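Dumped my_file-v4.tsv below, it's TSV, C-alpha atoms:
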chain	number	residue	atom	x	y	z
E	13	MET	CA	18.78	20.51	-25.26
E	14	ARG	CA	20.71	23.09	-23.27
E	15	PHE	CA	18.64	24.53	-20.47
E	16	LEU	CA	19.83	26.86	-17.70
E	17	LEU	CA	17.82	28.68	-15.06
E	18	ASP	CA	17.48	32.41	-15.62
E	19	ASP	CA	18.50	35.05	-13.08
E	20	GLU	CA	15.02	35.36	-11.60
E	21	GLN	CA	14.70	31.61	-11.07
E	22	ARG	CA	18.13	31.40	-9.46
E	23	GLU	CA	17.28	34.30	-7.16
E	24	PHE	CA	14.04	32.55	-6.22
E	25	ALA	CA	16.03	29.46	-5.24
E	26	ARG	CA	18.49	31.54	-3.21
E	27	SER	CA	15.68	33.32	-1.37
E	28	LEU	CA	14.00	30.04	-0.44
E	29	ASP	CA	17.33	28.58	0.67
E	30	ALA	CA	18.01	31.61	2.89
E	31	MET	CA	14.51	31.52	4.38
E	32	LEU	CA	14.64	27.81	5.15
E	33	THR	CA	18.18	28.03	6.51
E	34	ALA	CA	17.02	30.66	9.00
E	35	ALA	CA	14.02	28.53	10.04
E	36	ASP	CA	14.30	25.62	12.46
E	37	THR	CA	13.41	23.05	9.82
E	38	PRO	CA	14.90	20.05	11.70
E	39	GLY	CA	12.78	21.00	14.70
E	40	ALA	CA	9.69	21.17	12.50
E	41	VAL	CA	10.49	17.76	11.02
E	42	ARG	CA	10.92	16.16	14.44
E	43	ALA	CA	7.69	17.76	15.70
E	44	TRP	CA	5.81	16.59	12.59
E	45	ALA	CA	7.01	13.03	13.12
E	46	ALA	CA	5.73	13.21	16.71
E	47	GLY	CA	2.30	14.38	15.55
E	48	ASP	CA	2.76	18.08	16.37
E	49	THR	CA	2.06	19.91	13.12
E	50	LYS	CA	2.14	23.48	14.47
E	51	PRO	CA	5.81	24.23	13.58
E	52	GLY	CA	5.33	22.61	10.17
E	53	ARG	CA	2.21	24.66	9.49
E	54	ALA	CA	4.09	27.83	10.42
E	55	LEU	CA	6.82	26.87	7.94
E	56	TRP	CA	4.13	26.09	5.35
E	57	SER	CA	2.71	29.61	5.76
E	58	ARG	CA	6.12	31.13	5.09
E	59	LEU	CA	6.48	29.06	1.94
E	60	ALA	CA	3.03	30.20	0.82
E	61	ASP	CA	4.01	33.83	1.40
E	62	ALA	CA	6.98	33.19	-0.89
E	63	GLY	CA	4.55	32.00	-3.58
E	64	VAL	CA	5.52	28.32	-3.63
E	65	PHE	CA	2.01	26.84	-3.69
E	66	ALA	CA	0.62	29.55	-5.95
E	67	LEU	CA	2.97	28.22	-8.65
E	68	ALA	CA	0.62	25.26	-9.13
E	69	VAL	CA	-2.60	27.29	-9.16
E	70	PRO	CA	-3.78	29.25	-12.23
E	71	GLU	CA	-4.22	33.01	-12.06
E	72	ARG	CA	-8.01	32.76	-12.33
E	73	HIS	CA	-7.95	31.02	-8.94
E	74	GLU	CA	-5.60	33.55	-7.29
E	75	GLY	CA	-2.41	31.71	-8.20
E	76	LEU	CA	0.64	32.36	-10.38
E	77	GLY	CA	0.78	29.26	-12.53
E	78	PRO	CA	0.89	26.62	-13.52
E	79	LEU	CA	4.68	27.02	-13.70
E	80	PRO	CA	6.37	23.58	-13.66
E	81	VAL	CA	9.92	24.92	-13.99
E	82	GLU	CA	9.53	27.24	-11.00
E	83	LEU	CA	7.88	24.40	-9.08
E	84	ALA	CA	10.93	22.24	-9.75
E	85	VAL	CA	13.18	25.05	-8.53
E	86	ALA	CA	11.14	25.46	-5.35
E	87	PHE	CA	10.86	21.76	-4.58
E	88	THR	CA	14.59	21.28	-4.97
E	89	GLU	CA	15.02	23.72	-2.08
E	90	LEU	CA	12.25	22.03	-0.09
E	91	GLY	CA	14.11	18.75	-0.51
E	92	ARG	CA	17.41	20.37	0.39
E	93	HIS	CA	15.90	21.43	3.71
E	94	ALA	CA	13.76	18.30	4.30
E	95	VAL	CA	10.53	20.31	4.64
E	96	PRO	CA	7.81	18.06	6.13
E	97	GLY	CA	4.21	17.68	5.05
E	98	PRO	CA	2.26	16.78	1.90
E	99	VAL	CA	3.85	19.52	-0.19
E	100	VAL	CA	4.01	17.42	-3.35
E	101	GLU	CA	0.51	16.06	-2.84
E	102	THR	CA	-0.92	19.54	-2.35
E	103	VAL	CA	0.43	20.92	-5.64
E	104	ALA	CA	-0.59	17.70	-7.41
E	105	ALA	CA	-4.10	18.08	-5.97
E	106	ALA	CA	-4.16	21.65	-7.29
E	107	ALA	CA	-3.21	20.37	-10.74
E	108	LEU	CA	-5.97	17.75	-10.56
E	109	LEU	CA	-8.66	20.22	-9.46
E	110	ASP	CA	-7.61	22.71	-12.13
E	111	ARG	CA	-7.73	20.10	-14.90
E	112	LEU	CA	-11.15	18.86	-13.79
E	113	GLY	CA	-12.51	22.37	-14.28
E	114	ASP	CA	-16.24	22.43	-15.01
E	115	LEU	CA	-16.74	18.93	-13.64
E	116	LEU	CA	-16.34	20.37	-10.15
E	117	GLY	CA	-18.91	22.33	-8.22
E	118	ASP	CA	-18.14	25.76	-6.80
E	119	GLY	CA	-17.30	24.26	-3.44
E	120	ALA	CA	-14.63	21.92	-4.84
E	121	ALA	CA	-13.06	24.61	-7.04
E	122	GLY	CA	-12.87	26.80	-3.93
E	123	TRP	CA	-9.98	24.68	-2.67
E	124	LEU	CA	-7.64	26.22	-5.27
E	125	PRO	CA	-7.41	29.74	-3.77
E	126	ARG	CA	-6.94	28.15	-0.35
E	127	ILE	CA	-4.06	26.05	-1.68
E	128	ALA	CA	-2.44	29.09	-3.31
E	129	SER	CA	-2.59	31.09	-0.06
E	130	GLY	CA	-1.22	28.23	2.04
E	131	GLU	CA	-4.42	27.98	4.02
E	132	ALA	CA	-5.12	24.41	2.93
E	133	LEU	CA	-2.93	21.31	3.10
E	134	VAL	CA	-4.36	18.71	0.74
E	135	SER	CA	-3.25	15.11	0.43
E	136	LEU	CA	-3.83	13.13	-2.74
E	137	CYS	CA	-4.12	9.36	-3.05
E	138	VAL	CA	-4.08	7.65	-6.43
E	139	PRO	CA	-3.77	3.92	-5.64
E	140	ALA	CA	-3.09	3.01	-9.27
E	141	VAL	CA	0.01	5.22	-9.28
E	142	GLY	CA	1.21	5.98	-5.77
E	143	GLY	CA	-0.13	3.10	-3.70
E	144	PRO	CA	-3.08	2.78	-1.32
E	145	TYR	CA	-1.93	5.27	1.32
E	146	ALA	CA	-2.43	9.02	1.60
E	147	LEU	CA	0.52	11.00	2.93
E	148	ASP	CA	-0.10	13.02	6.11
E	149	ALA	CA	-3.84	12.57	5.84
E	150	ASP	CA	-4.17	13.11	9.59
E	151	ALA	CA	-2.67	16.60	9.23
E	152	ALA	CA	-4.33	17.59	5.94
E	153	ASP	CA	-7.38	19.81	5.59
E	154	ALA	CA	-8.67	17.57	2.80
E	155	VAL	CA	-7.80	14.22	1.25
E	156	LEU	CA	-8.65	13.47	-2.38
E	157	LEU	CA	-8.99	9.86	-3.47
E	158	VAL	CA	-8.95	8.92	-7.16
E	159	GLU	CA	-10.21	5.47	-8.09
E	160	GLY	CA	-10.94	4.73	-11.74
E	161	ASP	CA	-13.01	7.57	-13.17
E	162	THR	CA	-14.10	8.94	-9.78
E	163	VAL	CA	-12.59	11.63	-7.53
E	164	ARG	CA	-13.77	11.70	-3.93
E	165	LEU	CA	-13.28	14.05	-1.01
E	166	THR	CA	-12.75	11.40	1.65
E	167	ALA	CA	-14.67	11.16	4.89
E	168	GLY	CA	-11.64	10.16	6.93
E	169	THR	CA	-8.75	7.71	7.07
E	170	GLY	CA	-7.68	4.55	8.77
E	171	PRO	CA	-4.91	4.37	11.40
E	172	VAL	CA	-1.50	5.88	10.70
E	173	GLN	CA	1.00	3.36	9.31
E	174	PRO	CA	4.77	3.38	9.97
E	175	SER	CA	7.19	4.59	7.31
E	176	ALA	CA	10.95	4.44	6.87
E	177	ASP	CA	10.76	8.22	7.31
E	178	PRO	CA	8.96	8.99	10.60
E	179	ALA	CA	7.89	12.36	9.19
E	180	ARG	CA	5.95	10.62	6.40
E	181	ARG	CA	2.69	9.60	8.07
E	182	LEU	CA	0.64	7.19	5.95
E	183	ALA	CA	-3.01	6.18	6.20
E	184	ARG	CA	-5.65	4.55	3.99
E	185	PRO	CA	-8.33	7.05	2.94
E	186	LEU	CA	-11.99	6.09	3.36
E	187	ASP	CA	-14.76	6.64	0.83
E	188	GLY	CA	-16.42	10.03	0.84
E	189	THR	CA	-18.24	12.60	-1.26
E	190	VAL	CA	-17.93	12.31	-5.05
E	191	LEU	CA	-16.40	15.49	-6.50
E	192	ALA	CA	-16.10	14.47	-10.14
E	193	GLN	CA	-16.79	11.45	-12.29
E	194	GLY	CA	-16.33	10.59	-15.94
E	195	PRO	CA	-13.77	10.01	-18.71
E	196	ALA	CA	-12.05	13.38	-18.11
E	197	VAL	CA	-10.88	12.20	-14.68
E	198	ALA	CA	-8.26	9.86	-16.18
E	199	ALA	CA	-6.50	12.62	-18.15
E	200	ALA	CA	-6.61	15.03	-15.21
E	201	THR	CA	-5.23	12.37	-12.88
E	202	ALA	CA	-2.42	11.48	-15.28
E	203	TYR	CA	-1.31	15.12	-15.38
E	204	ALA	CA	-1.54	15.45	-11.59
E	205	ALA	CA	0.61	12.32	-11.20
E	206	GLU	CA	3.23	13.85	-13.50
E	207	VAL	CA	3.28	17.01	-11.37
E	208	ALA	CA	3.68	14.84	-8.26
E	209	ALA	CA	6.51	12.84	-9.84
E	210	LEU	CA	8.28	16.03	-10.94
E	211	GLY	CA	7.99	17.54	-7.46
E	212	THR	CA	9.27	14.34	-5.87
E	213	ALA	CA	12.21	14.20	-8.28
E	214	ALA	CA	13.08	17.79	-7.37
E	215	GLN	CA	12.86	16.98	-3.67
E	216	SER	CA	15.17	14.01	-4.19
E	217	LEU	CA	17.71	16.14	-6.03
E	218	GLY	CA	17.76	18.76	-3.29
E	219	LEU	CA	17.97	16.07	-0.62
E	220	GLY	CA	20.90	14.42	-2.38
E	221	PHE	CA	22.88	17.64	-2.60
E	222	ALA	CA	22.19	18.40	1.08
E	223	LEU	CA	23.50	14.97	2.07
E	224	LEU	CA	26.57	15.42	-0.11
E	225	ASP	CA	27.32	18.88	1.31
E	226	ARG	CA	27.07	17.62	4.89
E	227	THR	CA	29.24	14.62	4.14
E	228	VAL	CA	31.94	16.67	2.43
E	229	ALA	CA	32.04	19.00	5.45
E	230	TYR	CA	32.29	16.06	7.84
E	231	VAL	CA	35.10	14.19	6.07
E	232	GLY	CA	37.10	17.41	6.02
E	233	GLN	CA	36.93	17.56	9.82
E	234	ARG	CA	37.23	13.95	10.92
E	235	ARG	CA	40.81	12.74	11.15
E	236	GLN	CA	42.43	9.32	11.10
E	237	PHE	CA	46.13	8.45	10.98
E	238	GLY	CA	46.88	12.16	11.37
E	239	ALA	CA	44.97	13.29	8.26
E	240	PRO	CA	41.38	14.24	7.35
E	241	ILE	CA	39.57	11.17	6.01
E	242	GLY	CA	38.49	13.32	3.08
E	243	SER	CA	42.06	13.12	1.81
E	244	PHE	CA	41.86	9.33	1.35
E	245	GLN	CA	41.43	8.17	-2.24
E	246	ALA	CA	38.59	5.77	-1.47
E	247	VAL	CA	36.59	8.54	0.19
E	248	LYS	CA	37.30	10.96	-2.67
E	249	HIS	CA	36.12	8.44	-5.25
E	250	ARG	CA	32.92	7.73	-3.31
E	251	LEU	CA	32.10	11.44	-3.07
E	252	ALA	CA	32.95	12.02	-6.73
E	253	ASP	CA	30.61	9.22	-7.80
E	254	THR	CA	27.83	10.77	-5.70
E	255	LEU	CA	28.38	14.21	-7.21
E	256	VAL	CA	28.41	12.89	-10.77
E	257	ALA	CA	25.11	11.05	-10.23
E	258	LEU	CA	23.43	14.16	-8.82
E	259	GLU	CA	24.78	16.44	-11.52
E	260	PHE	CA	23.58	14.01	-14.17
E	261	ALA	CA	20.07	14.15	-12.67
E	262	ARG	CA	19.91	17.95	-12.59
E	263	PRO	CA	19.51	18.63	-16.35
E	264	LEU	CA	17.01	15.78	-16.62
E	265	LEU	CA	14.88	17.52	-14.00
E	266	TRP	CA	14.95	20.87	-15.83
E	267	SER	CA	14.24	19.14	-19.14
E	268	ALA	CA	11.23	17.34	-17.64
E	269	ALA	CA	9.89	20.55	-16.11
E	270	LEU	CA	10.25	22.37	-19.42
E	271	ALA	CA	8.52	19.55	-21.32
E	272	LEU	CA	5.66	19.59	-18.82
E	273	ALA	CA	5.37	23.37	-19.12
E	274	GLU	CA	5.16	23.11	-22.92
E	275	GLY	CA	2.66	20.24	-22.81
E	276	ALA	CA	4.98	18.11	-24.94
E	277	ASP	CA	3.90	14.60	-25.89
E	278	HIS	CA	7.11	13.22	-24.46
E	279	ALA	CA	6.67	14.99	-21.09
E	280	PRO	CA	5.57	11.83	-19.19
E	281	ALA	CA	8.70	9.96	-20.26
E	282	GLU	CA	10.89	12.99	-19.47
E	283	VAL	CA	9.37	13.18	-15.98
E	284	ALA	CA	9.88	9.44	-15.47
E	285	ALA	CA	13.55	9.72	-16.51
E	286	ALA	CA	14.10	12.61	-14.09
E	287	LYS	CA	12.29	10.79	-11.30
E	288	VAL	CA	14.27	7.57	-11.50
E	289	THR	CA	17.61	9.33	-11.98
E	290	ALA	CA	17.17	11.83	-9.14
E	291	GLY	CA	15.68	9.22	-6.83
E	292	GLU	CA	18.52	6.75	-7.34
E	293	ALA	CA	21.13	9.50	-7.00
E	294	ALA	CA	19.64	10.71	-3.72
E	295	TYR	CA	19.45	7.16	-2.36
E	296	ALA	CA	23.10	6.63	-3.27
E	297	ALA	CA	23.96	9.94	-1.56
E	298	ALA	CA	22.17	8.72	1.59
E	299	ARG	CA	24.18	5.49	1.60
E	300	THR	CA	27.39	7.45	1.10
E	301	ALA	CA	26.52	9.83	3.92
E	302	LEU	CA	25.66	6.99	6.26
E	303	GLN	CA	28.87	5.09	5.60
E	304	LEU	CA	31.27	8.04	5.63
E	305	HIS	CA	29.81	9.42	8.85
E	306	GLY	CA	30.59	6.08	10.46
E	307	ALA	CA	28.88	5.19	13.73
E	308	ILE	CA	27.35	8.63	14.27
E	309	GLY	CA	25.47	8.28	10.99
E	310	TYR	CA	23.19	5.75	12.68
E	311	THR	CA	22.13	8.01	15.53
E	312	GLU	CA	18.64	9.53	15.69
E	313	GLU	CA	20.01	12.56	17.57
E	314	LEU	CA	22.04	13.69	14.56
E	315	ASP	CA	19.98	15.87	12.20
E	316	LEU	CA	21.58	14.00	9.31
E	317	ALA	CA	19.20	11.11	10.06
E	318	LEU	CA	16.26	13.31	9.06
E	319	TRP	CA	17.68	13.53	5.54
E	320	ILE	CA	18.96	9.96	5.28
E	321	ARG	CA	15.58	8.46	6.17
E	322	LYS	CA	13.78	10.44	3.47
E	323	ALA	CA	15.85	9.19	0.56
E	324	ARG	CA	14.31	5.77	-0.01
E	325	PRO	CA	10.64	6.79	0.49
E	326	LEU	CA	11.13	9.66	-1.98
E	327	ARG	CA	12.80	7.30	-4.44
E	328	ASP	CA	9.72	5.06	-4.44
E	329	ALA	CA	6.97	7.68	-4.12
E	330	TRP	CA	4.90	8.57	-7.22
E	331	GLY	CA	6.68	6.05	-9.41
E	332	THR	CA	9.10	3.32	-8.36
E	333	PRO	CA	12.41	3.06	-10.21
E	334	ALA	CA	11.13	0.00	-12.08
E	335	ALA	CA	7.92	1.74	-13.12
E	336	CYS	CA	9.78	4.85	-14.27
E	337	ARG	CA	12.28	2.85	-16.31
E	338	ALA	CA	9.47	0.90	-17.92
E	339	ARG	CA	7.76	4.14	-18.90
E	340	VAL	CA	10.91	5.61	-20.42
E	341	LEU	CA	11.51	2.43	-22.43
E	342	ALA	CA	7.89	2.19	-23.54
E	343	GLU	CA	7.79	5.77	-24.81
E	344	GLY	CA	11.24	5.66	-26.39
E	345	VAL	CA	12.73	8.83	-24.90
E	346	GLY	CA	16.48	8.78	-24.50
E	347	ALA	CA	17.95	10.43	-21.41
Could you rewrite the structure in this file as C-alpha cells?
Amino acid sequence: MRFLLDDEQREFARSLDAMLTAADTPGAVRAWAAGDTKPGRALWSRLADAGVFALAVPERHEGLGPLPVELAVAFTELGRHAVPGPVVETVAAAALLDRLGDLLGDGAAGWLPRIASGEALVSLCVPAVGGPYALDADAADAVLLVEGDTVRLTAGTGPVQPSADPARRLARPLDGTVLAQGPAVAAATAYAAEVAALGTAAQSLGLGFALLDRTVAYVGQRRQFGAPIGSFQAVKHRLADTLVALEFARPLLWSAALALAEGADHAPAEVAAAKVTAGEAAYAAARTALQLHGAIGYTEELDLALWIRKARPLRDAWGTPAACRARVLAEGVGA
C-alpha cells in the first residue's frame, strides 16, 4: 500500500504545529504535573477550537467524524509538543459512547457534544486492556470504567499513583453508575481500545521526531576536540538509526488509521503493528536524546526531560510491545 497525506491533512498538521509552538506547552506540562490543570485546560480549549476532539465524534452529535486518519495526524502533533491530559482517553471514550448507541440513556449520550466542543475531559479505564488505572482521573470531568460487559460512570477514584512521567497522573477508579450492559459492550470496547492504541502510536511518533529534532540541533552546537560532536561517526550512526526507526513507523501508522477508517477486518493487527513500532522507535529516540545530551539530559530543568519521560509510558499504554506483537502474529498481518 502506498499512502500519503493529502494537502488538507498536511495543512491541518502544520496549523496545529504552529498553534502549539506559539503556546507555552512546557509550562502547561509542568503545571499539570504539579496538579494545576488551568494552563492545560486552556490549551485543551484551543485544540477543541481547531476541531481535534470533534474528529472522534459523529456529526449527529455535533462532531466531524469519526475520522481516524485525521485523528492520527492530530495526535502526532500532540505528541510532538507533549500536550498533557487524557487526550487519547477522551477520544477513545467518544468512540465507546458512539458505538454503544441506543444502549445509553440521553444523559450518557450527552457527553459526546461536550467532548466535541472541548468542554469535557473524559478518562477511560479498561483494566483488561490498559491496566487498572485511569489516566488523569483527578482532572477529568468523567471517568468511564469498563469491566466485562458493563460500562460505569465512576463515583470517584483512589489516591493518585506515581508514574515515570510526572504529567501522567494515575488512579484506580471506583464503582459507580451503570451506563450500559450487555454483549454489545465488548465490541464497542474493542473498537475504543483500537482508537486509543492508534492515538497513542501517533503520540509516540510525534514525540520521537521531537526528540530527534532537539538532539540533532544540540549535537550541531556542542563541541569537543574543536569540532561539533554531530560530526563524529558514532553520533551520526546513532542518529541515523533513530531516524530510520521513526520513518519506518510512519507508514504503519497511516496504514493502521486507513484500515480503521475502512472498518477492515485486519485493522486491529494493523493498529497493533503501528503501536509497537512507533512506541519502540520513540523509546529508542528518548535513549538517544538522553545519551547524546550528556549530563544535561538528566536535568529536570531542561524541557527535554518532559519529552524523554513520556516515551516509556506511551510505549506501554494501551498495549504493551509484547501484547501488540502477539496480536500481529495471531492475526497474520505482515508489517
With 6 Å on each side, where is the centre of the axis-aligned box around all listed atoms of stretch 96-108 of chain E, and how long are its edges in Å to one decimal, as lines of an AutoDock Vina configuration file?
center_x = 0.9
center_y = 18.9
center_z = -2.3
size_x = 25.8
size_y = 17.6
size_z = 28.9
Using only C-alpha atoms for the distances, tell me which of E:Glu282, E:Gly77, E:Trp330, E:Leu16 is nearest to E:Leu136.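 The closest residue to E:Leu136 is E:Trp330.
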Any chance you could tabulate, as CSV, the residues of stretch 30-115 of chain E at most 7 Å from stretch 199-205 of chain E with each one's nearest atom pair and distance in Å to one decimal, using all atoms listed in the file, in chain and rising number order?
residue,atom,partner,partner_atom,distance
E:Ala104,CA,E:Ala204,CA,4.8
E:Ala105,CA,E:Ala204,CA,6.7
E:Ala107,CA,E:Ala204,CA,5.3
E:Leu108,CA,E:Ala204,CA,5.1
E:Arg111,CA,E:Ala200,CA,5.2
E:Leu112,CA,E:Ala200,CA,6.1
Expressed in Å, the length from atom CA of E:Phe221 to atom CA of E:Ala276 is 28.6 Å
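Checking E:Arg181, E:Arg22, E:His249, E:Lys322 one by one against E:Ala46, counting all atoms listed in the file, you find the shortest gap at E:Arg181.
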Under the rule that all atoms listed in the file are counted, which of E:Gly238, E:Gly275, E:Gly160, E:Pro38 is the nearest residue to E:Ala94? E:Pro38
Can you work out which one of E:Ala301, E:Ala106, E:Asp48, E:Leu182 has the shortest atom-to-atom distance to E:Gly143, counting only C-alpha atoms? E:Leu182
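Atom pair atom CA of E:Glu89 / atom CA of E:Ala297 has a distance of 16.4 Å (rounded to one decimal).
The interatomic distance for the pair atom CA of E:Val163 and atom CA of E:Val197 works out to 7.4 Å.
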For E:Glu274, list every protein, DNA or RNA residue within 12 Å, evaluated using all atoms listed in the file, and leave out those in the same chain fewer than 6 positions away; present the list as an MDAnalysis selection string. chainID E and resid 78:81 267:268 280
Identify, on the basis of only C-alpha atoms, every residue whose closest approach to E:Gly52 does not exceed 10 Å; exclude the query and any residue fewer than 5 positions from it along the same chain; express the result as a list in words. Asp36, Thr37, Gly39, Ala40, Val41, Arg42, Ala43, Trp44, Ser57, Arg58, Val95, Pro96 and Gly97 of chain E
Pick from E:Ala284, E:Leu115, E:Ala176, E:Leu258 nearest to E:Val190, counting only C-alpha atoms: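 Ranked by minimum distance to E:Val190, first place goes to E:Leu115.
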If you count all atoms listed in the file, which residues fall within 12 Å of E:Arg72, apart from same-chain ones fewer than 3 positions away, as a PyMOL selection string? chain E and resi 66+68-69+75-78+110+113+121-122+124-125+128
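Among the candidates E:Arg250, E:Arg321, E:Arg164, E:Arg226, the residue lying nearest to E:Ala45 is E:Arg321 (atoms considered: all atoms listed in the file).
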Under the rule of at most 12 Å, produce a per-residue listing of stretch 63-122 of chain E near stretch 325-329 of chain E: chain, number, name, the closest pair of atoms, and the distance in Å, as a tab-separated table, using all atoms listed in the file.
residue	atom	partner	partner_atom	distance
E:Gly91	CA	E:Leu326	CA	9.7
E:Ala94	CA	E:Leu326	CA	11.0
E:Pro98	CA	E:Ala329	CA	11.9
E:Val100	CA	E:Ala329	CA	10.2
E:Glu101	CA	E:Ala329	CA	10.7
Could those selected residues go to a file with C-alpha atoms, as a compact mmCIF listing (two decimals), in the coordinates of the input?
# COMPACT_ATOMS: atom_id res chain seq x y z
CA GLY E 91 14.11 18.75 -0.51
CA ALA E 94 13.76 18.30 4.30
CA PRO E 98 2.26 16.78 1.90
CA VAL E 100 4.01 17.42 -3.35
CA GLU E 101 0.51 16.06 -2.84
Quick one: residues within 12 Å of E:Leu224, all atoms listed in the file counted, chain neighbours fewer than 6 positions away excluded, as an NGL selection string? :E and (92 or 217-218 or 230-231 or 248 or 250-259 or 293-302 or 304-305 or 316 or 319-320)
Excluding E:Ser135 and any residue of its chain fewer than 3 positions from it, enumerate the residues within 8 Å of it, using only C-alpha atoms, and give them as a ChimeraX atom specification. /E:98,101-102,105,146-149,152,154-156
Kindly export the residues of the current selection with C-alpha atoms, as a compact mmCIF listing (two decimals), keeping the file's coordinate frame.
# COMPACT_ATOMS: atom_id res chain seq x y z
CA PRO E 98 2.26 16.78 1.90
CA GLU E 101 0.51 16.06 -2.84
CA THR E 102 -0.92 19.54 -2.35
CA ALA E 105 -4.10 18.08 -5.97
CA ALA E 146 -2.43 9.02 1.60
CA LEU E 147 0.52 11.00 2.93
CA ASP E 148 -0.10 13.02 6.11
CA ALA E 149 -3.84 12.57 5.84
CA ALA E 152 -4.33 17.59 5.94
CA ALA E 154 -8.67 17.57 2.80
CA VAL E 155 -7.80 14.22 1.25
CA LEU E 156 -8.65 13.47 -2.38
Residues within 12 Å of (-0.5, 2.1, -13.4), counting all atoms listed in the file, listed as a PDB file with C-alpha atoms, keeping the file's coordinate frame:
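Final output, point12.pdb:
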ATOM      1  CA  VAL E 138      -4.080   7.650  -6.430  1.00  0.00           C
ATOM      2  CA  PRO E 139      -3.770   3.920  -5.640  1.00  0.00           C
ATOM      3  CA  ALA E 140      -3.090   3.010  -9.270  1.00  0.00           C
ATOM      4  CA  VAL E 141       0.010   5.220  -9.280  1.00  0.00           C
ATOM      5  CA  GLY E 142       1.210   5.980  -5.770  1.00  0.00           C
ATOM      6  CA  GLY E 143      -0.130   3.100  -3.700  1.00  0.00           C
ATOM      7  CA  GLU E 159     -10.210   5.470  -8.090  1.00  0.00           C
ATOM      8  CA  GLY E 160     -10.940   4.730 -11.740  1.00  0.00           C
ATOM      9  CA  ALA E 198      -8.260   9.860 -16.180  1.00  0.00           C
ATOM     10  CA  THR E 201      -5.230  12.370 -12.880  1.00  0.00           C
ATOM     11  CA  ALA E 202      -2.420  11.480 -15.280  1.00  0.00           C
ATOM     12  CA  ALA E 205       0.610  12.320 -11.200  1.00  0.00           C
ATOM     13  CA  TRP E 330       4.900   8.570  -7.220  1.00  0.00           C
ATOM     14  CA  GLY E 331       6.680   6.050  -9.410  1.00  0.00           C
ATOM     15  CA  THR E 332       9.100   3.320  -8.360  1.00  0.00           C
ATOM     16  CA  ALA E 334      11.130   0.000 -12.080  1.00  0.00           C
ATOM     17  CA  ALA E 335       7.920   1.740 -13.120  1.00  0.00           C
ATOM     18  CA  CYS E 336       9.780   4.850 -14.270  1.00  0.00           C
ATOM     19  CA  ALA E 338       9.470   0.900 -17.920  1.00  0.00           C
ATOM     20  CA  ARG E 339       7.760   4.140 -18.900  1.00  0.00           C
TER      21      ARG E 339
END
Complete the atoms of stretch 246-261 of chain E to N, CA and C atoms and put them out as a PDB file, in the frame of the given file.
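Once written, rebuild08.pdb looks like this:
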ATOM      1  N   ALA E 246      39.861   6.496  -1.453  1.00  0.00           N
ATOM      2  CA  ALA E 246      38.590   5.770  -1.470  1.00  0.00           C
ATOM      3  C   ALA E 246      37.420   6.687  -1.147  1.00  0.00           C
ATOM      4  N   VAL E 247      37.643   7.588  -0.200  1.00  0.00           N
ATOM      5  CA  VAL E 247      36.590   8.540   0.190  1.00  0.00           C
ATOM      6  C   VAL E 247      36.357   9.539  -0.945  1.00  0.00           C
ATOM      7  N   LYS E 248      37.433  10.025  -1.548  1.00  0.00           N
ATOM      8  CA  LYS E 248      37.300  10.960  -2.670  1.00  0.00           C
ATOM      9  C   LYS E 248      36.499  10.349  -3.811  1.00  0.00           C
ATOM     10  N   HIS E 249      36.821   9.103  -4.143  1.00  0.00           N
ATOM     11  CA  HIS E 249      36.120   8.440  -5.250  1.00  0.00           C
ATOM     12  C   HIS E 249      34.642   8.269  -4.953  1.00  0.00           C
ATOM     13  N   ARG E 250      34.333   7.915  -3.682  1.00  0.00           N
ATOM     14  CA  ARG E 250      32.920   7.730  -3.310  1.00  0.00           C
ATOM     15  C   ARG E 250      32.157   9.056  -3.438  1.00  0.00           C
ATOM     16  N   LEU E 251      32.747  10.130  -2.982  1.00  0.00           N
ATOM     17  CA  LEU E 251      32.100  11.440  -3.070  1.00  0.00           C
ATOM     18  C   LEU E 251      31.982  11.902  -4.519  1.00  0.00           C
ATOM     19  N   ALA E 252      32.994  11.632  -5.313  1.00  0.00           N
ATOM     20  CA  ALA E 252      32.950  12.020  -6.730  1.00  0.00           C
ATOM     21  C   ALA E 252      31.835  11.284  -7.463  1.00  0.00           C
ATOM     22  N   ASP E 253      31.680   9.986  -7.174  1.00  0.00           N
ATOM     23  CA  ASP E 253      30.610   9.220  -7.800  1.00  0.00           C
ATOM     24  C   ASP E 253      29.236   9.799  -7.420  1.00  0.00           C
ATOM     25  N   THR E 254      29.086  10.194  -6.167  1.00  0.00           N
ATOM     26  CA  THR E 254      27.830  10.770  -5.700  1.00  0.00           C
ATOM     27  C   THR E 254      27.540  12.082  -6.409  1.00  0.00           C
ATOM     28  N   LEU E 255      28.554  12.919  -6.537  1.00  0.00           N
ATOM     29  CA  LEU E 255      28.380  14.210  -7.210  1.00  0.00           C
ATOM     30  C   LEU E 255      28.018  14.031  -8.676  1.00  0.00           C
ATOM     31  N   VAL E 256      28.690  13.121  -9.351  1.00  0.00           N
ATOM     32  CA  VAL E 256      28.410  12.890 -10.770  1.00  0.00           C
ATOM     33  C   VAL E 256      26.958  12.437 -10.969  1.00  0.00           C
ATOM     34  N   ALA E 257      26.485  11.537 -10.108  1.00  0.00           N
ATOM     35  CA  ALA E 257      25.110  11.050 -10.230  1.00  0.00           C
ATOM     36  C   ALA E 257      24.103  12.174 -10.039  1.00  0.00           C
ATOM     37  N   LEU E 258      24.347  13.046  -9.071  1.00  0.00           N
ATOM     38  CA  LEU E 258      23.430  14.160  -8.820  1.00  0.00           C
ATOM     39  C   LEU E 258      23.476  15.176  -9.952  1.00  0.00           C
ATOM     40  N   GLU E 259      24.663  15.470 -10.436  1.00  0.00           N
ATOM     41  CA  GLU E 259      24.780  16.440 -11.520  1.00  0.00           C
ATOM     42  C   GLU E 259      24.180  15.900 -12.818  1.00  0.00           C
ATOM     43  N   PHE E 260      24.205  14.598 -12.996  1.00  0.00           N
ATOM     44  CA  PHE E 260      23.580  14.010 -14.170  1.00  0.00           C
ATOM     45  C   PHE E 260      22.053  14.128 -14.085  1.00  0.00           C
ATOM     46  N   ALA E 261      21.519  14.058 -12.856  1.00  0.00           N
ATOM     47  CA  ALA E 261      20.070  14.150 -12.670  1.00  0.00           C
ATOM     48  C   ALA E 261      19.554  15.570 -12.853  1.00  0.00           C
TER      49      ALA E 261
END
